[in-house]
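Data from start.pdb: PDB, C-alpha atoms and all ligand atoms
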ATOM      1  CA  MET T   1      16.269   4.753  -5.678
ATOM      2  CA  PRO T   2      13.070   5.123  -3.644
ATOM      3  CA  ALA T   3      10.116   2.999  -4.631
ATOM      4  CA  ARG T   4       7.212   4.104  -6.786
ATOM      5  CA  ILE T   5       4.053   3.489  -4.775
ATOM      6  CA  LEU T   6       0.538   3.287  -6.190
ATOM      7  CA  VAL T   7      -2.078   4.582  -3.752
ATOM      8  CA  VAL T   8      -5.695   3.555  -4.472
ATOM      9  CA  GLU T   9      -8.164   5.478  -2.317
ATOM     10  CA  ASP T  10     -11.489   7.185  -3.042
ATOM     11  CA  ASN T  11     -11.656   9.208   0.172
ATOM     12  CA  PRO T  12      -9.994  12.587  -0.549
ATOM     13  CA  ALA T  13      -8.840  13.210   3.015
ATOM     14  CA  ASN T  14      -7.260   9.781   3.388
ATOM     15  CA  LEU T  15      -5.689  10.043  -0.036
ATOM     16  CA  GLU T  16      -4.173  13.425   0.765
ATOM     17  CA  LEU T  17      -2.804  12.197   4.077
ATOM     18  CA  MET T  18      -1.180   9.114   2.563
ATOM     19  CA  ARG T  19       0.129  11.144  -0.371
ATOM     20  CA  TYR T  20       1.615  13.737   1.954
ATOM     21  CA  LEU T  21       3.265  11.210   4.245
ATOM     22  CA  LEU T  22       4.764   9.151   1.430
ATOM     23  CA  GLU T  23       5.927  12.075  -0.713
ATOM     24  CA  ALA T  24       7.429  13.811   2.307
ATOM     25  CA  SER T  25       9.377  10.609   2.898
ATOM     26  CA  GLY T  26      10.790  10.700  -0.612
ATOM     27  CA  TYR T  27       8.596   8.254  -2.510
ATOM     28  CA  ALA T  28       7.292   8.690  -6.039
ATOM     29  CA  LEU T  29       3.534   8.208  -6.123
ATOM     30  CA  ALA T  30       0.946   7.082  -8.583
ATOM     31  CA  ILE T  31      -2.668   7.757  -7.616
ATOM     32  CA  ALA T  32      -5.958   6.087  -8.455
ATOM     33  CA  THR T  33      -9.379   6.755  -6.956
ATOM     34  CA  ASP T  34     -11.171   3.617  -8.131
ATOM     35  CA  GLY T  35     -10.364   0.019  -8.976
ATOM     36  CA  GLU T  36     -10.334   0.265 -12.751
ATOM     37  CA  GLY T  37      -8.081   3.293 -12.500
ATOM     38  CA  ALA T  38      -5.792   1.330 -10.213
ATOM     39  CA  LEU T  39      -5.342  -1.435 -12.761
ATOM     40  CA  GLU T  40      -4.623   1.069 -15.535
ATOM     41  CA  ALA T  41      -2.130   2.922 -13.343
ATOM     42  CA  ALA T  42      -0.422  -0.328 -12.367
ATOM     43  CA  LEU T  43       0.095  -1.285 -15.994
ATOM     44  CA  ARG T  44       1.227   2.177 -17.025
ATOM     45  CA  GLN T  45       3.392   3.140 -14.046
ATOM     46  CA  ARG T  46       4.757  -0.188 -12.854
ATOM     47  CA  PRO T  47       4.711   0.521  -9.115
ATOM     48  CA  ASP T  48       6.946  -1.332  -6.681
ATOM     49  CA  LEU T  49       4.176  -1.512  -4.083
ATOM     50  CA  VAL T  50       0.428  -0.857  -4.000
ATOM     51  CA  ILE T  51      -1.629   0.565  -1.136
ATOM     52  CA  CYS T  52      -5.291  -0.188  -1.738
ATOM     53  CA  ASP T  53      -8.475   0.848   0.033
ATOM     54  CA  ILE T  54     -10.958  -2.029   0.338
ATOM     55  CA  HIS T  55     -14.116  -0.010  -0.274
ATOM     56  CA  LEU T  56     -13.914   1.628  -3.707
ATOM     57  CA  PRO T  57     -16.640   3.062  -5.941
ATOM     58  CA  ASP T  58     -16.461   0.336  -8.582
ATOM     59  CA  ILE T  59     -14.775  -2.982  -7.853
ATOM     60  CA  ASP T  60     -13.609  -3.616  -4.288
ATOM     61  CA  GLY T  61     -10.059  -3.991  -3.055
ATOM     62  CA  PHE T  62     -10.273  -7.774  -3.133
ATOM     63  CA  GLU T  63     -11.086  -7.690  -6.838
ATOM     64  CA  VAL T  64      -8.357  -5.135  -7.461
ATOM     65  CA  LEU T  65      -5.904  -7.496  -5.777
ATOM     66  CA  ARG T  66      -7.011 -10.477  -7.852
ATOM     67  CA  ARG T  67      -6.742  -8.589 -11.118
ATOM     68  CA  LEU T  68      -3.503  -6.845 -10.190
ATOM     69  CA  ARG T  69      -1.758 -10.097  -9.456
ATOM     70  CA  ALA T  70      -2.905 -11.440 -12.824
ATOM     71  CA  LEU T  71      -1.176  -8.627 -14.715
ATOM     72  CA  PRO T  72       2.150  -9.363 -16.407
ATOM     73  CA  GLY T  73       5.039  -8.866 -13.994
ATOM     74  CA  LEU T  74       2.818  -8.081 -11.007
ATOM     75  CA  ALA T  75       2.109 -11.577  -9.716
ATOM     76  CA  SER T  76       4.153 -11.051  -6.566
ATOM     77  CA  ILE T  77       3.829  -7.290  -6.032
ATOM     78  CA  ALA T  78       3.288  -6.224  -2.411
ATOM     79  CA  VAL T  79      -0.260  -4.955  -1.882
ATOM     80  CA  VAL T  80      -1.248  -3.302   1.396
ATOM     81  CA  ALA T  81      -4.945  -3.204   2.254
ATOM     82  CA  VAL T  82      -6.245  -0.044   3.911
ATOM     83  CA  THR T  83      -9.660  -0.224   5.486
ATOM     84  CA  ALA T  84     -11.768   0.974   8.347
ATOM     85  CA  LEU T  85     -13.070  -2.539   8.883
ATOM     86  CA  ALA T  86     -12.361  -3.291  12.492
ATOM     87  CA  MET T  87     -14.279  -6.442  13.227
ATOM     88  CA  VAL T  88     -12.475  -9.490  14.505
ATOM     89  CA  GLY T  89     -11.669 -11.702  11.564
ATOM     90  CA  ASP T  90     -11.387  -9.016   8.947
ATOM     91  CA  ARG T  91      -7.634  -8.930   9.240
ATOM     92  CA  ASP T  92      -7.501 -12.689   8.699
ATOM     93  CA  ARG T  93      -9.866 -12.416   5.742
ATOM     94  CA  ILE T  94      -7.712  -9.721   4.168
ATOM     95  CA  LEU T  95      -4.478 -11.622   4.641
ATOM     96  CA  ALA T  96      -6.099 -14.871   3.502
ATOM     97  CA  ALA T  97      -7.141 -13.118   0.288
ATOM     98  CA  GLY T  98      -3.487 -12.524  -0.437
ATOM     99  CA  PHE T  99      -2.852  -8.982   0.708
ATOM    100  CA  THR T 100       0.703  -8.565   1.916
ATOM    101  CA  GLN T 101      -0.227  -6.442   4.912
ATOM    102  CA  TYR T 102      -3.114  -4.605   6.506
ATOM    103  CA  VAL T 103      -3.275  -0.999   7.690
ATOM    104  CA  SER T 104      -6.395   0.167   9.509
ATOM    105  CA  LYS T 105      -7.960   3.604   9.273
ATOM    106  CA  PRO T 106      -7.614   6.120  10.657
ATOM    107  CA  ILE T 107      -4.086   6.321   9.283
ATOM    108  CA  GLU T 108      -1.526   6.846  12.030
ATOM    109  CA  PRO T 109       0.971   9.369  10.642
ATOM    110  CA  GLU T 110       3.654   8.265  13.093
ATOM    111  CA  SER T 111       3.680   4.659  11.954
ATOM    112  CA  PHE T 112       2.149   4.545   8.477
ATOM    113  CA  VAL T 113       5.290   5.121   6.441
ATOM    114  CA  GLN T 114       7.285   2.701   8.545
ATOM    115  CA  GLN T 115       4.615   0.027   8.121
ATOM    116  CA  VAL T 116       4.681   0.449   4.367
ATOM    117  CA  GLU T 117       8.433   0.791   4.174
ATOM    118  CA  SER T 118       8.987  -2.431   6.098
ATOM    119  CA  LEU T 119       7.543  -4.266   3.084
ATOM    120  CA  LEU T 120      10.039  -2.784   0.638
ATOM    121  CA  PRO T 121      13.416  -4.257  -0.157
ATOM    122  CA  ALA T 122      16.150  -2.172   1.496
ATOM    123  CA  GLY T 123      17.269  -0.804  -1.848
ATOM    124  CA  LEU T 124      13.860   0.762  -2.483
ATOM    125  CA  ARG T 125      13.512   2.483   0.892
ATOM    126  CA  ALA T 126      13.826   6.247   0.936
ATOM    127  CA  ARG T 127      15.167   6.554   4.443
ATOM    128  CA  VAL T 128      17.188   4.737   7.032
ATOM    129  CA  HIS T 129      15.241   4.347  10.250
ATOM    130  CA  ALA T 130      17.234   5.178  13.326
ATOM    131  CA  ALA T 131      14.299   3.900  15.369
ATOM    132  CA  ALA T 132      14.693   0.479  13.834
ATOM    133  CA  GLY T 133      17.914   0.007  15.792
ATOM    134  CA  PRO T 134      21.409  -0.720  14.634
ATOM    135  CA  SER T 135      21.752  -3.260  11.894
ATOM    136  CA  SER T 136      24.950  -4.796  13.077
ATOM    137  CA  PRO T 137      26.440  -7.505  10.936
ATOM    138  CA  ASP T 138      25.411 -10.915  12.108
ATOM    139  CA  THR T 139      28.672 -12.551  13.019
ATOM    140  CA  ALA T 140      27.176 -15.192  15.262
ATOM    141  CA  GLY T 141      27.291 -18.762  14.137
TER     142      GLY T 141
HETATM  143 MN    MN S   1     -13.127   3.948   0.258
END

What does this structure look like when you write it as structure tokens?
Amino acid sequence: MPARILVVEDNPANLELMRYLLEASGYALAIATDGEGALEAALRQRPDLVICDIHLPDIDGFEVLRRLRALPGLASIAVVAVTALAMVGDRDRILAAGFTQYVSKPIEPESFVQQVESLLPAGLRARVHAAAGPSSPDTAG
């Protein structure tokens, strides 16, 4: 069964793009447009993965991450940061804060879903990626 993904984004155009790409790929979405809404949605909808903008109208993505991971059952949930920050070091700062992965804006439609999907257990992926190459059984050694 495909994953339920919580998308936290206050920019309508980015939100619509991510929503379109993920829903078209078969994922069930929960949506929040600010940090407090994200925490409520996470508790209510129990997503398998969270995609979170860093710059939000209330608390920032770093604070969302801290509070998310403190919620019951969500201590190890995968959280992908999405941000236009492009300065050297920001990626390290984001990963050091505990985000699972980092996706930079503008969203690349060709690779976005694959980037997100690579963080999901195989059983929660909506599609099999031919581009990922054959997954031949490892019989060596
Ligand atoms: Mn934003």

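Nearest to Pro72 of chain T of all the residues T:Leu119, T:Leu39, T:Arg127, T:Leu21 is T:Leu39, based on only C-alpha atoms.
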
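Distances to Ala41 of chain T were evaluated for T:Val8, T:Asp53, T:Phe62, T:Arg67 using all atoms listed in the file, and the minimum falls at T:Val8.
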
Neighbours of segment 24-30 of chain T within 6 Å (only C-alpha atoms; same-chain residues fewer than 5 positions away dropped), as a list in words?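 My reading of the contact set: Pro2, Ala3, Arg4, Ile5, Leu6 and Ala126 of chain T.
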
Counting only C-alpha atoms and all ligand atoms, which residues of chain T sit at most 8 Å from some atom of ligand MN 1 (chain S), and what is each one's closest atom pair with its distance in Å to one decimal, listed by chain and rising residue number, as CSV?
residue,atom,partner,partner_atom,distance
T:Glu9,CA,S:MN1,MN,5.8
T:Asp10,CA,S:MN1,MN,4.9
T:Asn11,CA,S:MN1,MN,5.5
T:Asp53,CA,S:MN1,MN,5.6
T:Ile54,CA,S:MN1,MN,6.4
T:His55,CA,S:MN1,MN,4.1
T:Leu56,CA,S:MN1,MN,4.7
T:Pro57,CA,S:MN1,MN,7.2
T:Thr83,CA,S:MN1,MN,7.5

Using all atoms listed in the file, which protein or nucleic acid residues come within 8 Å of Cys52 of chain T? Drop anything in the same chain fewer than 3 positions from it, and give the result as a ChimeraX atom specification. /T:7-9,61,79-82

Serialized selection, C-alpha atoms, as a PDB file, in the coordinates of the input:
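Writing the result to again_24.pdb gives the following:
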ATOM      1  CA  VAL T   7      -2.078   4.582  -3.752  1.00  0.00           C
ATOM      2  CA  VAL T   8      -5.695   3.555  -4.472  1.00  0.00           C
ATOM      3  CA  GLU T   9      -8.164   5.478  -2.317  1.00  0.00           C
ATOM      4  CA  GLY T  61     -10.059  -3.991  -3.055  1.00  0.00           C
ATOM      5  CA  VAL T  79      -0.260  -4.955  -1.882  1.00  0.00           C
ATOM      6  CA  VAL T  80      -1.248  -3.302   1.396  1.00  0.00           C
ATOM      7  CA  ALA T  81      -4.945  -3.204   2.254  1.00  0.00           C
ATOM      8  CA  VAL T  82      -6.245  -0.044   3.911  1.00  0.00           C
TER       9      VAL T  82
END

Take atom CA of Ala32 of chain T and atom CA of Thr100 of chain T and report the distance between them in Å, one decimal.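 Pair atom CA of Ala32 of chain T / atom CA of Thr100 of chain T returns 19.1 Å.
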
When you draw a straight line from atom CA of Asp60 of chain T to atom CA of Phe99 of chain T, how long is it in Å?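 Answer for the atom CA of Asp60 of chain T to atom CA of Phe99 of chain T separation: 13.0 Å.
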
Between atom CA of Gln45 of chain T and atom CA of Arg69 of chain T lies a distance of 14.9 Å

So which residues fall inside 12 Å of (3.8, 5.7, 9.0) if we count all atoms listed in the file? Mind giving them as a PDB file with C-alpha atoms, keeping the file's coordinate frame?
ATOM      1  CA  LEU T  17      -2.804  12.197   4.077  1.00  0.00           C
ATOM      2  CA  MET T  18      -1.180   9.114   2.563  1.00  0.00           C
ATOM      3  CA  ARG T  19       0.129  11.144  -0.371  1.00  0.00           C
ATOM      4  CA  TYR T  20       1.615  13.737   1.954  1.00  0.00           C
ATOM      5  CA  LEU T  21       3.265  11.210   4.245  1.00  0.00           C
ATOM      6  CA  LEU T  22       4.764   9.151   1.430  1.00  0.00           C
ATOM      7  CA  GLU T  23       5.927  12.075  -0.713  1.00  0.00           C
ATOM      8  CA  ALA T  24       7.429  13.811   2.307  1.00  0.00           C
ATOM      9  CA  SER T  25       9.377  10.609   2.898  1.00  0.00           C
ATOM     10  CA  VAL T 103      -3.275  -0.999   7.690  1.00  0.00           C
ATOM     11  CA  SER T 104      -6.395   0.167   9.509  1.00  0.00           C
ATOM     12  CA  LYS T 105      -7.960   3.604   9.273  1.00  0.00           C
ATOM     13  CA  PRO T 106      -7.614   6.120  10.657  1.00  0.00           C
ATOM     14  CA  ILE T 107      -4.086   6.321   9.283  1.00  0.00           C
ATOM     15  CA  GLU T 108      -1.526   6.846  12.030  1.00  0.00           C
ATOM     16  CA  PRO T 109       0.971   9.369  10.642  1.00  0.00           C
ATOM     17  CA  GLU T 110       3.654   8.265  13.093  1.00  0.00           C
ATOM     18  CA  SER T 111       3.680   4.659  11.954  1.00  0.00           C
ATOM     19  CA  PHE T 112       2.149   4.545   8.477  1.00  0.00           C
ATOM     20  CA  VAL T 113       5.290   5.121   6.441  1.00  0.00           C
ATOM     21  CA  GLN T 114       7.285   2.701   8.545  1.00  0.00           C
ATOM     22  CA  GLN T 115       4.615   0.027   8.121  1.00  0.00           C
ATOM     23  CA  VAL T 116       4.681   0.449   4.367  1.00  0.00           C
ATOM     24  CA  GLU T 117       8.433   0.791   4.174  1.00  0.00           C
ATOM     25  CA  SER T 118       8.987  -2.431   6.098  1.00  0.00           C
ATOM     26  CA  HIS T 129      15.241   4.347  10.250  1.00  0.00           C
TER      27      HIS T 129
END

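Of the residues under consideration (T:Ile59, T:Leu49, T:Val64, T:Ile31), T:Leu49 shows the shortest atom-to-atom contact distance to Pro121 of chain T when counting only C-alpha atoms.
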
Top pick for closest residue to Val50 of chain T, considering T:Ala84, T:Leu95, T:Ala13, T:Leu74 and counting only C-alpha atoms: T:Leu74

Rank nothing, just name the residue among T:Leu71, T:Ala97, T:Ile77, T:Arg91 nearest to Glu40 of chain T, using all atoms listed in the file.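 The closest residue to Glu40 of chain T is T:Leu71.
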
Using only the atoms of segment 41-49 of chain T listed in the file, plus 8 Å on each side, state the axis-aligned box centre and edge lengths in Å rounded to one decimal, as lines of an AutoDock Vina configuration file.
center_x = 2.4
center_y = 0.8
center_z = -10.6
size_x = 25.1
size_y = 20.7
size_z = 28.9

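Distances from T:Asn14, T:Arg125, T:Ala38, T:Met1 to Leu68 of chain T were compared using all atoms listed in the file, and the smallest one belongs to T:Ala38.
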